[in-house]
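Source file entry12.txt; content: compact mmCIF, C-alpha atoms.
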# COMPACT_ATOMS: atom_id res chain seq x y z
CA MET A 1 -144.74 114.29 -85.47
CA LEU A 2 -145.49 114.25 -81.75
CA SER A 3 -143.42 116.20 -79.28
CA VAL A 4 -143.72 116.93 -75.58
CA SER A 5 -142.21 120.06 -74.12
CA ALA A 6 -141.71 121.42 -70.63
CA GLY A 7 -139.92 124.51 -69.44
CA VAL A 8 -137.20 124.21 -66.85
CA SER A 9 -136.54 127.57 -65.29
CA VAL A 10 -134.70 129.32 -62.53
CA ASN A 11 -136.57 131.97 -60.56
CA PRO A 12 -135.64 135.23 -62.31
CA ALA A 13 -135.58 136.98 -58.96
CA GLY A 14 -132.95 134.53 -57.78
CA VAL A 15 -132.09 134.42 -54.12
CA GLY A 16 -132.12 137.01 -51.38
CA VAL A 17 -129.02 137.96 -49.42
CA ARG A 18 -129.03 139.21 -45.84
CA THR A 19 -125.89 140.41 -44.12
CA THR A 20 -124.83 141.83 -40.79
CA SER A 21 -121.74 143.73 -39.73
CA GLY A 22 -120.10 143.52 -36.33
CA ARG A 23 -122.69 141.08 -34.99
CA GLY A 24 -124.75 138.02 -35.86
CA PHE A 25 -128.45 137.95 -36.57
CA THR A 26 -130.66 138.85 -33.62
CA PRO A 27 -133.50 136.62 -32.39
CA GLU A 28 -135.94 139.27 -33.66
CA GLU A 29 -134.47 139.12 -37.18
CA LEU A 30 -134.39 135.33 -37.19
CA ALA A 31 -137.94 135.01 -35.89
CA LYS A 32 -139.18 137.24 -38.71
CA GLN A 33 -137.24 135.19 -41.28
CA CYS A 34 -138.60 131.99 -39.80
CA VAL A 35 -142.20 133.14 -40.17
CA GLU A 36 -141.55 134.22 -43.76
CA LYS A 37 -140.48 130.64 -44.47
CA ILE A 38 -143.49 129.10 -42.73
CA ILE A 39 -146.26 131.38 -43.96
CA ALA A 40 -146.73 132.86 -47.41
CA VAL A 41 -149.87 134.60 -48.56
CA SER A 42 -150.54 135.91 -52.01
CA ASP A 43 -151.05 139.64 -52.57
CA THR A 44 -154.12 138.68 -54.56
CA ALA A 45 -155.66 136.52 -51.82
CA PRO A 46 -159.11 137.61 -50.57
CA PRO A 47 -158.67 140.30 -47.87
CA ALA A 48 -160.25 138.16 -45.15
CA ILE A 49 -157.82 135.30 -45.79
CA ARG A 50 -154.85 137.64 -46.12
CA ASP A 51 -155.70 139.40 -42.83
CA GLN A 52 -156.10 136.07 -41.08
CA ALA A 53 -152.72 134.86 -42.37
CA VAL A 54 -151.02 138.08 -41.29
CA THR A 55 -152.53 137.85 -37.80
CA PHE A 56 -151.51 134.21 -37.52
CA GLY A 57 -148.00 135.12 -38.68
CA ASP A 58 -147.69 137.81 -36.04
CA ARG A 59 -148.70 135.36 -33.31
CA ILE A 60 -146.33 132.67 -34.56
CA GLU A 61 -143.49 135.21 -34.76
CA SER A 62 -144.08 136.17 -31.15
CA VAL A 63 -143.90 132.55 -29.99
CA ILE A 64 -140.80 131.78 -32.07
CA LEU A 65 -139.09 134.93 -30.79
CA GLN A 66 -139.76 133.96 -27.19
CA TYR A 67 -138.21 130.52 -27.68
CA MET A 68 -135.25 131.88 -29.64
CA GLN A 69 -134.49 134.33 -26.86
CA GLN A 70 -134.64 131.44 -24.40
CA VAL A 71 -132.26 129.40 -26.59
CA VAL A 72 -129.74 132.24 -26.46
CA ARG A 73 -130.06 132.55 -22.67
CA SER A 74 -129.82 128.80 -22.13
CA ASP A 75 -126.84 128.38 -24.43
CA ARG A 76 -125.09 131.28 -22.71
CA THR A 77 -125.61 129.53 -19.37
CA THR A 78 -124.06 126.37 -20.80
CA VAL A 79 -121.10 128.30 -22.21
CA TYR A 80 -120.69 130.23 -18.92
CA ASN A 81 -120.47 127.01 -16.95
CA ALA A 82 -118.08 125.35 -19.40
CA ILE A 83 -115.67 128.29 -19.32
CA ASN A 84 -116.02 128.75 -15.57
CA GLU A 85 -115.29 125.08 -14.94
CA ALA A 86 -112.27 125.36 -17.26
CA GLY A 87 -110.80 127.90 -14.80
CA HIS A 88 -111.67 131.18 -16.53
CA PRO A 89 -114.23 132.80 -14.22
CA GLU A 90 -113.58 136.36 -15.45
CA LEU A 91 -114.15 135.40 -19.09
CA ALA A 92 -117.20 133.39 -18.06
CA GLU A 93 -118.61 136.43 -16.28
CA LEU A 94 -118.06 138.58 -19.39
CA ILE A 95 -120.07 136.11 -21.45
CA ARG A 96 -122.82 135.92 -18.85
CA ARG A 97 -123.21 139.71 -19.02
CA LEU A 98 -123.55 139.84 -22.83
CA MET B 1 -117.24 141.14 -66.19
CA ALA B 2 -120.14 141.51 -63.82
CA PHE B 3 -122.97 139.12 -63.16
CA THR B 4 -125.78 139.41 -65.69
CA GLY B 5 -128.87 137.95 -64.08
CA ASN B 6 -129.88 134.52 -62.88
CA PHE B 7 -129.70 131.66 -65.33
CA MET B 8 -129.40 127.95 -65.73
CA CYS B 9 -126.31 126.32 -67.22
CA THR B 10 -126.91 124.51 -70.50
CA SER B 11 -124.89 121.49 -69.40
CA PHE B 12 -127.23 121.15 -66.43
CA LYS B 13 -130.27 120.91 -68.71
CA LYS B 14 -128.63 118.06 -70.60
CA GLU B 15 -127.57 116.31 -67.41
CA LEU B 16 -131.14 116.57 -66.11
CA LEU B 17 -132.34 114.55 -69.08
CA GLU B 18 -129.57 112.05 -68.42
CA GLY B 19 -130.69 111.63 -64.80
CA GLY B 20 -127.48 113.07 -63.46
CA HIS B 21 -128.91 115.22 -60.65
CA ASP B 22 -130.75 113.94 -57.60
CA PHE B 23 -132.27 116.82 -55.63
CA THR B 24 -134.00 114.69 -53.01
CA ASN B 25 -133.05 115.19 -49.38
CA GLY B 26 -130.13 112.83 -48.84
CA GLY B 27 -129.53 112.67 -52.60
CA ASP B 28 -126.72 114.47 -54.37
CA VAL B 29 -124.52 116.98 -52.53
CA PHE B 30 -124.92 120.50 -53.89
CA LYS B 31 -122.68 123.40 -52.92
CA ILE B 32 -122.88 127.13 -53.39
CA ALA B 33 -119.74 129.17 -54.04
CA LEU B 34 -119.56 132.97 -53.78
CA TYR B 35 -117.80 135.28 -56.24
CA ASP B 36 -116.78 138.87 -56.56
CA ASN B 37 -117.90 141.18 -59.34
CA ASN B 38 -115.03 140.14 -61.63
CA ALA B 39 -116.43 136.65 -62.08
CA SER B 40 -117.44 135.75 -65.61
CA PHE B 41 -120.12 133.11 -66.03
CA THR B 42 -122.27 132.26 -69.02
CA ALA B 43 -124.81 129.57 -69.87
CA ALA B 44 -121.83 127.66 -71.27
CA THR B 45 -120.26 127.37 -67.80
CA THR B 46 -119.95 123.68 -67.00
CA ASP B 47 -118.01 123.52 -63.74
CA TYR B 48 -117.09 125.25 -60.50
CA THR B 49 -114.07 127.52 -60.70
CA ALA B 50 -111.93 129.09 -57.99
CA SER B 51 -111.27 132.09 -60.21
CA ASN B 52 -112.67 135.24 -58.56
CA GLU B 53 -114.14 133.23 -55.71
CA VAL B 54 -114.20 135.13 -52.42
CA ALA B 55 -111.44 134.24 -49.96
CA ALA B 56 -111.94 131.87 -47.08
CA THR B 57 -113.21 133.72 -44.02
CA GLY B 58 -115.27 133.31 -40.90
CA SER B 59 -115.55 131.23 -37.81
CA ALA B 60 -117.03 127.95 -36.67
CA PRO B 61 -119.48 126.43 -37.07
CA THR B 62 -120.06 127.71 -40.60
CA PRO B 63 -117.16 129.73 -42.01
CA TYR B 64 -116.80 130.34 -45.74
CA VAL B 65 -114.24 127.95 -47.19
CA ALA B 66 -112.89 127.46 -50.71
CA GLY B 67 -115.55 125.72 -52.78
CA GLY B 68 -118.36 127.28 -50.79
CA GLY B 69 -120.96 125.88 -48.44
CA THR B 70 -122.91 122.63 -48.63
CA LEU B 71 -126.63 123.06 -49.17
CA THR B 72 -129.40 121.00 -47.61
CA ASN B 73 -131.76 119.68 -50.28
CA VAL B 74 -135.50 119.96 -49.79
CA SER B 75 -136.98 117.12 -51.82
CA PRO B 76 -138.80 118.12 -55.02
CA THR B 77 -142.55 118.29 -54.93
CA THR B 78 -145.43 119.41 -57.13
CA SER B 79 -148.25 121.92 -57.14
CA GLY B 80 -150.77 121.52 -59.90
CA THR B 81 -148.76 120.65 -62.98
CA THR B 82 -145.54 122.33 -61.83
CA ALA B 83 -142.67 120.48 -60.17
CA PHE B 84 -140.19 122.42 -58.10
CA LEU B 85 -137.37 122.09 -55.60
CA ASP B 86 -135.88 124.07 -52.77
CA PHE B 87 -132.83 124.31 -50.52
CA ASN B 88 -132.60 125.42 -46.93
CA ASP B 89 -131.20 128.91 -46.49
CA ILE B 90 -127.48 128.91 -45.72
CA THR B 91 -125.57 131.28 -43.42
CA PHE B 92 -121.82 131.83 -43.25
CA THR B 93 -120.95 133.10 -39.79
CA GLY B 94 -118.36 135.56 -38.55
CA VAL B 95 -117.29 136.43 -42.07
CA THR B 96 -115.84 139.48 -43.74
CA LEU B 97 -116.59 139.26 -47.44
CA THR B 98 -118.16 140.97 -50.42
CA ALA B 99 -119.91 138.87 -53.04
CA ALA B 100 -121.81 139.82 -56.18
CA GLY B 101 -123.12 136.41 -57.10
CA ALA B 102 -122.89 132.67 -56.71
CA LEU B 103 -122.55 129.38 -58.53
CA LEU B 104 -124.58 126.38 -57.42
CA TYR B 105 -122.98 123.08 -58.39
CA ASN B 106 -123.25 119.35 -57.82
CA THR B 107 -120.37 117.49 -56.16
CA THR B 108 -121.86 114.03 -56.74
CA GLU B 109 -123.33 114.35 -60.21
CA GLY B 110 -124.17 111.05 -61.90
CA ALA B 111 -123.46 109.16 -58.66
CA GLY B 112 -119.88 110.36 -58.91
CA THR B 113 -117.62 111.88 -56.26
CA GLY B 114 -115.75 115.15 -56.35
CA THR B 115 -117.65 116.40 -59.38
CA THR B 116 -118.12 120.14 -59.92
CA ASN B 117 -120.97 120.19 -62.44
CA SER B 118 -122.59 123.61 -62.57
CA VAL B 119 -126.35 124.01 -62.07
CA ILE B 120 -127.32 127.67 -61.91
CA ILE B 121 -125.69 131.08 -61.69
CA LEU B 122 -127.14 133.54 -59.19
CA ASP B 123 -126.81 137.31 -59.47
CA PHE B 124 -127.08 139.20 -56.17
CA SER B 125 -127.90 142.44 -58.05
CA GLY B 126 -124.81 144.21 -56.77
CA ASN B 127 -122.19 143.69 -54.13
CA LYS B 128 -123.39 142.33 -50.79
CA THR B 129 -121.02 142.80 -47.86
CA ALA B 130 -120.75 141.36 -44.37
CA THR B 131 -118.06 142.65 -42.02
CA SER B 132 -117.30 140.46 -39.01
CA GLY B 133 -120.89 139.33 -39.31
CA ASP B 134 -123.20 136.86 -40.98
CA PHE B 135 -123.82 136.37 -44.70
CA GLN B 136 -127.09 134.59 -45.39
CA ILE B 137 -128.46 133.34 -48.70
CA VAL B 138 -132.25 133.12 -48.68
CA PHE B 139 -133.92 130.88 -51.25
CA PRO B 140 -137.30 132.02 -52.56
CA THR B 141 -140.63 130.66 -51.38
CA PRO B 142 -140.89 127.05 -52.55
CA ASP B 143 -144.07 127.16 -54.56
CA ALA B 144 -145.12 126.75 -58.19
CA SER B 145 -144.56 130.45 -58.90
CA ASP B 146 -141.43 131.29 -56.94
CA ALA B 147 -139.27 128.22 -56.26
CA ILE B 148 -135.65 128.51 -57.25
CA ILE B 149 -135.89 125.76 -59.92
CA ARG B 150 -139.18 124.76 -61.52
CA ILE B 151 -140.39 122.53 -64.33
CA VAL B 152 -143.66 123.84 -65.72

Go ahead and express the file in the form of C-alpha cells.
Amino acid sequence: MLSVSAGVSVNPAGVGVRTTSGRGFTPEELAKQCVEKIIAVSDTAPPAIRDQAVTFGDRIESVILQYMQQVVRSDRTTVYNAINEAGHPELAELIRRL
Amino acid sequence: MAFTGNFMCTSFKKELLEGGHDFTNGGDVFKIALYDNNASFTAATTDYTASNEVAATGSAPTPYVAGGGTLTNVSPTTSGTTAFLDFNDITFTGVTLTAAGALLYNTTEGAGTGTTNSVIILDFSGNKTATSGDFQIVFPTPDASDAIIRIV
C-alpha cells in the first residue's frame, strides 16, 4: 500500500485587525504597516543580519512616509481645486486647512 | 456562540482536491465577510451566510457591504517544500462596526458564478471595533511558516 500525504493548514494565529475611531489611518501608521509587509526578519536570525534588516527597514519607512505625506498634500490640492472650481470656495478652504 | 479559533472548512479541503479553487491573481474571486460574536461556524460550514453578519456601513471608496469585501489574490508560491498563498490586506473605510470574526469564501468556485463556497473561518480573538474610522484586516507574512493557507 502506497500513500502520499500532505497537510493543508490555516495559520493558527489567523489575521490581524487594525481599527481607528474618528479618523482614518495616518501616513505614519501606514508607512509602518507597509514596511512590515516588505521586510520580515526572523527572531532567530544572526544578530548582524537582524540589525542590518532593522536599519534598512527604518530607512525604507522614512522614505515611504515622506512620499505618503506628499500624496496626502497633493491629493488635498486636487480636491481643493475641484471644490473651488465647483463654486464652493469656503468648503475648499476648510479642506485646504486640514 | 462565539468564534472558536481559526480553521479550515472541510468542504474546502474536498473542493481543493477537485480543483475547485484558483487562488492565482486574476483567478477566482474570494470575499471576506465580517460577523458579530453571535455567529456560529464549524468545520461543517459550507457556504456564506448573512446570519449575524455586521450591517452595511462606511463610505466610498471601500464601505462594508452585505457579503463583505472582495480580496485581491496573491498568486501561490513555494519555499522549500511548502506551498502557500496570500491576499492583500483589505480596509473598510469610514465604518462604524464591531466584528469578532470573518468567513472567507469563493464566489466563483469551480468556474461558477455567484457561488458562496466557504474556505476558512477567522477568529479575531474578541470584538474589534471601528467608530467612524477604518477597519483593516492584515494577513500574516506570506512565508512557509506564517502564510494564511499552506500545504506542507

Got a sec: who's within 8 Å of stretch 34-40 of chain A, counting all atoms listed in the file, leaving out chain neighbours fewer than 2 positions off, as a PyMOL selection string?
(chain A and resi 30-32+42+53+57+60-61) or (chain B and resi 141)

Just the number, please: distance in Å from atom CA of A:Thr77 to atom CA of B:Ser132, one decimal.
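Going from atom CA of A:Thr77 over to atom CA of B:Ser132, I get 24.0 Å.
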
Residue nearest chain A - candidates B:Phe30, B:Phe41, B:Tyr105, B:Phe84, atoms counted: only C-alpha atoms:
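Going through B:Phe30, B:Phe41, B:Tyr105, B:Phe84 one by one, the smallest distance to chain A is for B:Phe84.
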
Dump as CSV the rows for residues of chain A within 6 Å of chain B: closest atom pair and distance in Å with one decimal, all atoms listed in the file counted, ordered by chain and rising residue number.
residue,atom,partner,partner_atom,distance
A:Ala6,CA,B:Val152,CA,5.8
A:Gly7,CA,B:Val152,CA,5.3
A:Val8,CA,B:Ile151,CA,4.4
A:Ser9,CA,B:Arg150,CA,5.4
A:Val10,CA,B:Ile149,CA,4.6
A:Asn11,CA,B:Ile148,CA,4.9
A:Pro12,CA,B:Asn6,CA,5.8
A:Gly14,CA,B:Asn6,CA,6.0
A:Val15,CA,B:Phe139,CA,4.9
A:Gly16,CA,B:Val138,CA,4.7
A:Val17,CA,B:Ile137,CA,4.7
A:Arg18,CA,B:Gln136,CA,5.0
A:Thr19,CA,B:Phe135,CA,4.6
A:Thr20,CA,B:Gly133,CA,4.9
A:Ser21,CA,B:Thr131,CA,4.5
A:Gly22,CA,B:Ser132,CA,4.9
A:Arg23,CA,B:Gly133,CA,5.0
A:Gly24,CA,B:Gly133,CA,5.3

List every protein, DNA or RNA residue that has at least one atom no more than 10 Å from (-135.3, 139.0, -32.5) in the file's coordinates, counting all atoms listed in the file, and write the result as a count of residues only.
16

Go through B:Gly27, B:Gly20, B:Gly68, B:Gly80 one by one, measure the shortest atom-to-atom distance of each to B:Thr49 using only C-alpha atoms, and give the residue with the smallest value.
B:Gly68

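With distances taken over only C-alpha atoms, B:Lys31 is the one residue among B:Thr115, B:Thr77, B:Cys9, B:Lys31 lying closest to B:Val65.
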
To one decimal place in Å, what is the distance between atom CA of B:Asn117 and atom CA of A:Ser3?
28.3 Å
